[in-house]
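Working notes for the structure below.
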Amino acid sequence: MRQFGLYIDGRWQDSVSGRHFSAVNPADGKAVAEVAKGCAEDVDKAVQAAAGAARAWQATPLRERSATLYRMAQILVRDVDELAMLETLDSGGTLYYSAVTVKDVAARRFEYFAGLADKIEGRQIPVSSTYHTYTVREPLGVTAHIIPWNGPLWEASRSLPPALAAGNAVILKPAQEALLGAIKLGEIAKEAGLPDGLVNVVPGAGSEVGVALVNHPGVHGITFTGSIPTGQEIMRASAATMKRLVLELGGNAANIVFEDADLDAAVEGSIWAAFSNSGQICVSGPRLFAHESIKEQFQERFVARVESLRVGPGVDNAEVGPLVSEPHMKRVLGMIETGKREGAHLLTGGRRADEAGLANGFYVLPTVFGDVTPEMHVMREEVFGPVVTITGFASDEEAIRMANETDYGLANGLWTSDLGRAHRVAGALQSGQVYVNEWFCGDIQCPAGGYKMSGIGREEGQQALDNYLQLKSVRMRIG
Ligand code: TAP
């Protein structure tokens, strides 16, 4: 049982409220850590500390800014075992996946933006011989980063590196459901040599800490990852102080298997797309569409592979771990029941796992529904669990139409051996990311974000720096 405080101004401290909450291991329902529960007064302290640190950081030579962020990447790699265990303990993901998150995702992102920190340049704009006009890209000041529970370090490391590289101070508000993987980022920043107060971590309820960050006049930008309703609430509330917003919201990706696809790769890739992190990934592929000429064959092989998946605790590196919490498990089971009621044909799974050793954990068996039609809730809504629907299609046009028949637009994917079709369909799909003959592929260089209700703005890639910069043009008379 570990204890964690809030990390504000370069040190661990208790919340002004004196309250705490438990981080629970979803594999057995037992508490693994006690965490201080932040409140609005703590947010105020964090904003004061961040404002001072931002000034010091902006005065730091860029070469040094870059080197310090690079040291954060090195510390993450050095501490991979501890951080991967923390990431797994309260989120339930496999240790293997958590180690990849630490080394290949989080450390890589700090390394990438460390490399960009000394390349933030303006332009000289010719107007006439009597004017010297140029642009300067300046940081916003203090940015808040409100993240969900599905992979705390994965989520935190998405927006902190570009915000810091751009010269801002940050306040991270992780989700109470799962946060341990990200809780040490402030301490790591201090060890790397970042000024005290530059990276603050304030756990606590969204209704208190999250709301206080969104309303605080000293916070200049909000990067939010989470559900659409919360994103809408944040958008409304932040209008009062006119904050810069980046919203990364839900998804419900279509995964289209054409008749000319390599079926072995499509089956394996679709398993990876649907059941990684038990389907609790915004860019998972839960809506499977298979061409009617191969649907039966594909479905049979897919279901057989699903039934071979090992369900168990993340620390044992099982292939499908528990869902993050009991309420979320109940929500997913409720959506499965709705699917059954609406006439979707249950092909496998469809219940809580009650096998020996799993009964106290929040496990749902990998579930596949066949004969699903687009109006059914289990297909229309984001389940965010290990649940896949399979639907046949007769033509490319029909597959594209059904794939786009959703308010979400975060990611989609397709499997084909026809290059022309791959480009045509990728062009027609309405989403921020399209995977072809692979899933989750790409690296930090590739922008990610949503079309339609899936969000506003793009994270990752070089342009992510612009989320945390404002442009000034200086117009000078010289003659
Ligand atoms: P939410 O309920 O929206 O919570 C996300 C975060 O917002 C949590 O830290 C939460 O705090 C906080 N929060 C809640 N109400 C708030 C408010 N009024 N003001 C400010 N902050 C508030 O989402 P969730 O259910 O945890 O996460 C699942 C959703 O995230 C899914 O829809 C999933 O698709 C989406 N997601 C999207 C992406 C990308 S990249 N697009 C990535 C991962 C997940 P507490 O929960 O601690 O109270």
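Going through the structure tokens in order, the chains are called A, B, and so on, while each chain numbers its residues from 1 and the ligands are numbered from 1 in the order shown.
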
Surroundings of ligand 1 up to 8 Å, based on only C-alpha atoms and all ligand atoms, as a PyMOL selection string: chain A and resi 146-151+155+173-177+203-214+224-231+233-234+247-252+280-283+382+384+410+448-450+454-455

Who sits within 7 Å of segment 91-102 of chain A, only C-alpha atoms, same chain under 2 positions skipped, as a VMD selection string: chain A and resid 25 to 27 76 to 77 80 83 to 85 87 to 89 104 to 107 149 to 151 154 178 277 313 to 315 317 to 318 321 to 324

Output N, CA and C atoms for every residue in the selection just made, as a PDB file, in the first residue's frame.
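Result saved to result_0.pdb:
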ATOM      1  N   ASN A  25      -7.020  -1.802  -7.411  1.00  0.00           N
ATOM      2  CA  ASN A  25      -6.558  -2.732  -8.446  1.00  0.00           C
ATOM      3  C   ASN A  25      -7.776  -3.453  -9.039  1.00  0.00           C
ATOM      4  N   PRO A  26      -8.075  -3.233 -10.320  1.00  0.00           N
ATOM      5  CA  PRO A  26      -9.287  -3.841 -10.889  1.00  0.00           C
ATOM      6  C   PRO A  26      -9.179  -5.354 -11.066  1.00  0.00           C
ATOM      7  N   ALA A  27      -7.972  -5.896 -10.879  1.00  0.00           N
ATOM      8  CA  ALA A  27      -7.819  -7.353 -11.029  1.00  0.00           C
ATOM      9  C   ALA A  27      -8.390  -8.097  -9.827  1.00  0.00           C
ATOM     10  N   LEU A  76      12.483   8.307 -17.454  1.00  0.00           N
ATOM     11  CA  LEU A  76      11.353   7.399 -17.686  1.00  0.00           C
ATOM     12  C   LEU A  76      11.874   6.006 -18.078  1.00  0.00           C
ATOM     13  N   VAL A  77      12.845   5.977 -18.963  1.00  0.00           N
ATOM     14  CA  VAL A  77      13.387   4.678 -19.403  1.00  0.00           C
ATOM     15  C   VAL A  77      14.085   3.983 -18.227  1.00  0.00           C
ATOM     16  N   VAL A  80      11.587   2.291 -15.832  1.00  0.00           N
ATOM     17  CA  VAL A  80      10.507   1.594 -16.536  1.00  0.00           C
ATOM     18  C   VAL A  80       9.797   0.556 -15.653  1.00  0.00           C
ATOM     19  N   LEU A  83       7.474   2.316 -13.048  1.00  0.00           N
ATOM     20  CA  LEU A  83       6.384   3.067 -13.677  1.00  0.00           C
ATOM     21  C   LEU A  83       5.397   2.135 -14.377  1.00  0.00           C
ATOM     22  N   ALA A  84       5.918   1.076 -14.997  1.00  0.00           N
ATOM     23  CA  ALA A  84       5.021   0.126 -15.679  1.00  0.00           C
ATOM     24  C   ALA A  84       4.131  -0.568 -14.644  1.00  0.00           C
ATOM     25  N   MET A  85       4.716  -0.899 -13.505  1.00  0.00           N
ATOM     26  CA  MET A  85       3.911  -1.552 -12.460  1.00  0.00           C
ATOM     27  C   MET A  85       2.824  -0.591 -11.967  1.00  0.00           C
ATOM     28  N   GLU A  87       1.479   1.859 -13.625  1.00  0.00           N
ATOM     29  CA  GLU A  87       0.493   2.037 -14.700  1.00  0.00           C
ATOM     30  C   GLU A  87      -0.490   0.848 -14.723  1.00  0.00           C
ATOM     31  N   THR A  88       0.053  -0.351 -14.484  1.00  0.00           N
ATOM     32  CA  THR A  88      -0.791  -1.547 -14.526  1.00  0.00           C
ATOM     33  C   THR A  88      -1.678  -1.660 -13.289  1.00  0.00           C
ATOM     34  N   LEU A  89      -1.130  -1.255 -12.123  1.00  0.00           N
ATOM     35  CA  LEU A  89      -1.805  -1.569 -10.859  1.00  0.00           C
ATOM     36  C   LEU A  89      -3.232  -1.073 -10.764  1.00  0.00           C
ATOM     37  N   ASP A 104       8.390   3.248 -25.029  1.00  0.00           N
ATOM     38  CA  ASP A 104       8.214   3.514 -26.465  1.00  0.00           C
ATOM     39  C   ASP A 104       7.195   4.613 -26.739  1.00  0.00           C
ATOM     40  N   VAL A 105       6.403   4.941 -25.730  1.00  0.00           N
ATOM     41  CA  VAL A 105       5.420   6.005 -25.941  1.00  0.00           C
ATOM     42  C   VAL A 105       5.835   7.241 -25.142  1.00  0.00           C
ATOM     43  N   ALA A 106       5.813   7.154 -23.809  1.00  0.00           N
ATOM     44  CA  ALA A 106       6.047   8.358 -22.994  1.00  0.00           C
ATOM     45  C   ALA A 106       7.468   8.904 -23.181  1.00  0.00           C
ATOM     46  N   ALA A 107       8.470   8.054 -23.027  1.00  0.00           N
ATOM     47  CA  ALA A 107       9.857   8.529 -23.160  1.00  0.00           C
ATOM     48  C   ALA A 107      10.096   9.054 -24.574  1.00  0.00           C
ATOM     49  N   TRP A 149      -8.907   7.736 -17.494  1.00  0.00           N
ATOM     50  CA  TRP A 149      -8.260   6.677 -16.716  1.00  0.00           C
ATOM     51  C   TRP A 149      -7.610   5.589 -17.566  1.00  0.00           C
ATOM     52  N   ASN A 150      -7.863   5.603 -18.852  1.00  0.00           N
ATOM     53  CA  ASN A 150      -7.402   4.446 -19.641  1.00  0.00           C
ATOM     54  C   ASN A 150      -5.949   4.608 -20.087  1.00  0.00           C
ATOM     55  N   GLY A 151      -5.019   4.355 -19.169  1.00  0.00           N
ATOM     56  CA  GLY A 151      -3.611   4.521 -19.480  1.00  0.00           C
ATOM     57  C   GLY A 151      -3.155   5.899 -19.053  1.00  0.00           C
ATOM     58  N   TRP A 154       0.143   7.065 -20.531  1.00  0.00           N
ATOM     59  CA  TRP A 154      -0.048   7.198 -21.984  1.00  0.00           C
ATOM     60  C   TRP A 154      -0.735   8.535 -22.275  1.00  0.00           C
ATOM     61  N   ALA A 178      -8.062   5.804 -12.264  1.00  0.00           N
ATOM     62  CA  ALA A 178      -6.725   5.246 -12.481  1.00  0.00           C
ATOM     63  C   ALA A 178      -5.776   6.391 -12.775  1.00  0.00           C
ATOM     64  N   ASN A 277      -5.829  -3.527 -24.286  1.00  0.00           N
ATOM     65  CA  ASN A 277      -6.311  -2.792 -23.098  1.00  0.00           C
ATOM     66  C   ASN A 277      -7.810  -3.044 -22.868  1.00  0.00           C
ATOM     67  N   PRO A 313      -5.074 -11.217 -14.918  1.00  0.00           N
ATOM     68  CA  PRO A 313      -4.520  -9.960 -14.421  1.00  0.00           C
ATOM     69  C   PRO A 313      -3.417  -9.404 -15.321  1.00  0.00           C
ATOM     70  N   GLY A 314      -3.323  -8.085 -15.367  1.00  0.00           N
ATOM     71  CA  GLY A 314      -2.280  -7.426 -16.145  1.00  0.00           C
ATOM     72  C   GLY A 314      -0.890  -7.819 -15.673  1.00  0.00           C
ATOM     73  N   VAL A 315      -0.725  -8.029 -14.364  1.00  0.00           N
ATOM     74  CA  VAL A 315       0.611  -8.360 -13.855  1.00  0.00           C
ATOM     75  C   VAL A 315       1.072  -9.731 -14.355  1.00  0.00           C
ATOM     76  N   ASN A 317       0.527 -10.625 -17.420  1.00  0.00           N
ATOM     77  CA  ASN A 317       0.585 -10.450 -18.871  1.00  0.00           C
ATOM     78  C   ASN A 317      -0.449 -11.279 -19.614  1.00  0.00           C
ATOM     79  N   ALA A 318      -1.640 -11.395 -19.045  1.00  0.00           N
ATOM     80  CA  ALA A 318      -2.736 -12.046 -19.766  1.00  0.00           C
ATOM     81  C   ALA A 318      -3.068 -11.195 -20.996  1.00  0.00           C
ATOM     82  N   GLY A 321      -7.163  -8.080 -19.917  1.00  0.00           N
ATOM     83  CA  GLY A 321      -7.188  -7.800 -18.482  1.00  0.00           C
ATOM     84  C   GLY A 321      -8.574  -7.351 -18.036  1.00  0.00           C
ATOM     85  N   PRO A 322      -8.686  -6.939 -16.783  1.00  0.00           N
ATOM     86  CA  PRO A 322      -9.978  -6.477 -16.267  1.00  0.00           C
ATOM     87  C   PRO A 322     -10.332  -5.096 -16.810  1.00  0.00           C
ATOM     88  N   LEU A 323     -11.597  -4.712 -16.675  1.00  0.00           N
ATOM     89  CA  LEU A 323     -11.991  -3.328 -16.947  1.00  0.00           C
ATOM     90  C   LEU A 323     -11.585  -2.482 -15.745  1.00  0.00           C
ATOM     91  N   VAL A 324     -11.566  -1.170 -15.933  1.00  0.00           N
ATOM     92  CA  VAL A 324     -10.909  -0.311 -14.946  1.00  0.00           C
ATOM     93  C   VAL A 324     -11.597  -0.306 -13.582  1.00  0.00           C
TER      94      VAL A 324
END

Minimum-distance residue to Gly218 of chain A, chosen among A:Ala54, A:Ala290, A:Val127, A:Val320 (using only C-alpha atoms): A:Ala54

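When atom CA of His220 of chain A is paired with atom CA of Tyr408 of chain A, their separation reads 27.5 Å.
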
Within 9 Å of Val32 of chain A using only C-alpha atoms, minus same-chain residues under 6 positions, as a ChimeraX atom specification: /A:1-2,22-25,89-90

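Each of A:Gly221, A:Glu460, A:Ser431, A:Thr391 was checked against Ala239 of chain A using only C-alpha atoms; the smallest atom-to-atom distance is that of A:Gly221.
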
9 Å contact set for Val199 of chain A, only C-alpha atoms, chain neighbours under 3 positions out, as a VMD selection string: chain A and resid 7 to 10 50 53 160 164 169 to 172 185 to 187 189 to 190 194 to 196

Can you write just those residues out, N, CA, C and O atoms, as an mmCIF file, in the first residue's frame?
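Generated output (out30.cif):
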data_model
loop_
_atom_site.group_PDB
_atom_site.id
_atom_site.type_symbol
_atom_site.label_atom_id
_atom_site.label_comp_id
_atom_site.auth_asym_id
_atom_site.auth_seq_id
_atom_site.Cartn_x
_atom_site.Cartn_y
_atom_site.Cartn_z
ATOM 1 N N TYR A 7 1.469 16.861 -6.097
ATOM 2 C CA TYR A 7 2.816 17.350 -6.371
ATOM 3 C C TYR A 7 2.699 18.783 -6.879
ATOM 4 O O TYR A 7 2.287 19.032 -8.009
ATOM 5 N N ILE A 8 2.999 19.721 -5.976
ATOM 6 C CA ILE A 8 2.847 21.146 -6.303
ATOM 7 C C ILE A 8 4.131 21.888 -5.927
ATOM 8 O O ILE A 8 4.677 21.661 -4.838
ATOM 9 N N ASP A 9 4.594 22.727 -6.808
ATOM 10 C CA ASP A 9 5.763 23.577 -6.545
ATOM 11 C C ASP A 9 7.007 22.754 -6.163
ATOM 12 O O ASP A 9 7.758 23.132 -5.258
ATOM 13 N N GLY A 10 7.176 21.627 -6.820
ATOM 14 C CA GLY A 10 8.394 20.841 -6.622
ATOM 15 C C GLY A 10 8.424 19.999 -5.366
ATOM 16 O O GLY A 10 9.497 19.555 -4.941
ATOM 17 N N ALA A 50 2.829 27.495 -10.771
ATOM 18 C CA ALA A 50 3.070 27.326 -12.211
ATOM 19 C C ALA A 50 3.381 28.674 -12.871
ATOM 20 O O ALA A 50 4.256 28.767 -13.739
ATOM 21 N N ALA A 53 6.933 29.511 -12.173
ATOM 22 C CA ALA A 53 7.834 28.599 -12.879
ATOM 23 C C ALA A 53 7.846 28.896 -14.377
ATOM 24 O O ALA A 53 8.888 28.775 -15.037
ATOM 25 N N LEU A 160 1.726 16.784 -22.288
ATOM 26 C CA LEU A 160 2.707 17.511 -21.473
ATOM 27 C C LEU A 160 3.975 17.879 -22.258
ATOM 28 O O LEU A 160 4.438 19.039 -22.178
ATOM 29 N N LEU A 164 5.336 21.771 -22.526
ATOM 30 C CA LEU A 164 6.586 22.165 -21.867
ATOM 31 C C LEU A 164 7.613 22.653 -22.893
ATOM 32 O O LEU A 164 8.285 23.661 -22.683
ATOM 33 N N ALA A 169 4.133 26.222 -18.252
ATOM 34 C CA ALA A 169 4.100 25.402 -17.043
ATOM 35 C C ALA A 169 2.785 24.624 -17.077
ATOM 36 O O ALA A 169 1.797 25.105 -17.644
ATOM 37 N N VAL A 170 2.777 23.423 -16.499
ATOM 38 C CA VAL A 170 1.594 22.565 -16.653
ATOM 39 C C VAL A 170 1.037 22.108 -15.301
ATOM 40 O O VAL A 170 1.773 21.967 -14.323
ATOM 41 N N ILE A 171 -0.275 21.876 -15.317
ATOM 42 C CA ILE A 171 -0.940 21.251 -14.164
ATOM 43 C C ILE A 171 -1.693 20.042 -14.709
ATOM 44 O O ILE A 171 -2.557 20.184 -15.586
ATOM 45 N N LEU A 172 -1.343 18.875 -14.215
ATOM 46 C CA LEU A 172 -1.978 17.639 -14.673
ATOM 47 C C LEU A 172 -3.065 17.237 -13.687
ATOM 48 O O LEU A 172 -2.819 17.152 -12.485
ATOM 49 N N LEU A 185 5.095 12.124 -12.418
ATOM 50 C CA LEU A 185 5.690 12.974 -13.461
ATOM 51 C C LEU A 185 6.278 14.276 -12.904
ATOM 52 O O LEU A 185 7.292 14.767 -13.391
ATOM 53 N N GLY A 186 5.653 14.834 -11.849
ATOM 54 C CA GLY A 186 6.187 16.062 -11.245
ATOM 55 C C GLY A 186 7.545 15.797 -10.618
ATOM 56 O O GLY A 186 8.503 16.568 -10.800
ATOM 57 N N GLU A 187 7.636 14.689 -9.897
ATOM 58 C CA GLU A 187 8.898 14.336 -9.237
ATOM 59 C C GLU A 187 9.991 14.070 -10.288
ATOM 60 O O GLU A 187 11.148 14.472 -10.115
ATOM 61 N N ALA A 189 10.133 15.352 -13.258
ATOM 62 C CA ALA A 189 10.500 16.645 -13.853
ATOM 63 C C ALA A 189 11.523 17.362 -12.967
ATOM 64 O O ALA A 189 12.489 17.949 -13.456
ATOM 65 N N LYS A 190 11.311 17.285 -11.670
ATOM 66 C CA LYS A 190 12.245 17.954 -10.751
ATOM 67 C C LYS A 190 13.629 17.305 -10.855
ATOM 68 O O LYS A 190 14.649 17.984 -10.940
ATOM 69 N N LEU A 194 13.899 20.484 -14.251
ATOM 70 C CA LEU A 194 12.907 21.514 -14.574
ATOM 71 C C LEU A 194 12.638 22.351 -13.329
ATOM 72 O O LEU A 194 12.714 21.831 -12.205
ATOM 73 N N PRO A 195 12.325 23.632 -13.482
ATOM 74 C CA PRO A 195 12.084 24.472 -12.303
ATOM 75 C C PRO A 195 10.930 23.940 -11.442
ATOM 76 O O PRO A 195 9.975 23.374 -11.983
ATOM 77 N N ASP A 196 11.046 24.129 -10.134
ATOM 78 C CA ASP A 196 9.942 23.766 -9.235
ATOM 79 C C ASP A 196 8.675 24.475 -9.699
ATOM 80 O O ASP A 196 8.710 25.661 -10.053
#

Counting only C-alpha atoms, the residue of A:His216, A:His291, A:Lys184, A:Arg458 that sits nearest Val47 of chain A: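 Smallest separation from Val47 of chain A among the options: A:His216.
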
Backbone DSSP call of alpha helix (DSSP H) for segment 251-444 of chain A, listed as a VMD selection string: chain A and resid 263 to 275 295 to 307 326 to 341 377 to 380 396 to 404 419 to 428

Neighbour list for Ala253 of chain A as a PyMOL selection string, cut-off 12 Å, only C-alpha atoms, skip fewer than 2 positions in-chain: chain A and resi 250-251+255-256+270+273-274+279+281-289+379-384+388-389+400+402-414+429-435+439-440+450-451+454

Contact residues around Gln463 of chain A with only C-alpha atoms at 12 Å, ignoring same-chain residues under 2 positions, as JSON, numbers by chain: {"A": [113, 116, 120, 159, 162, 163, 166, 444, 445, 446, 447, 448, 449, 457, 458, 459, 460, 461, 465, 466, 467, 468, 469]}

Closest of A:His145, A:Lys340, A:Arg123, A:Arg475 to Val201 of chain A - atom-to-atom distances counting only C-alpha atoms: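 Of A:His145, A:Lys340, A:Arg123, A:Arg475, the one nearest Val201 of chain A, counting only C-alpha atoms, is A:His145.
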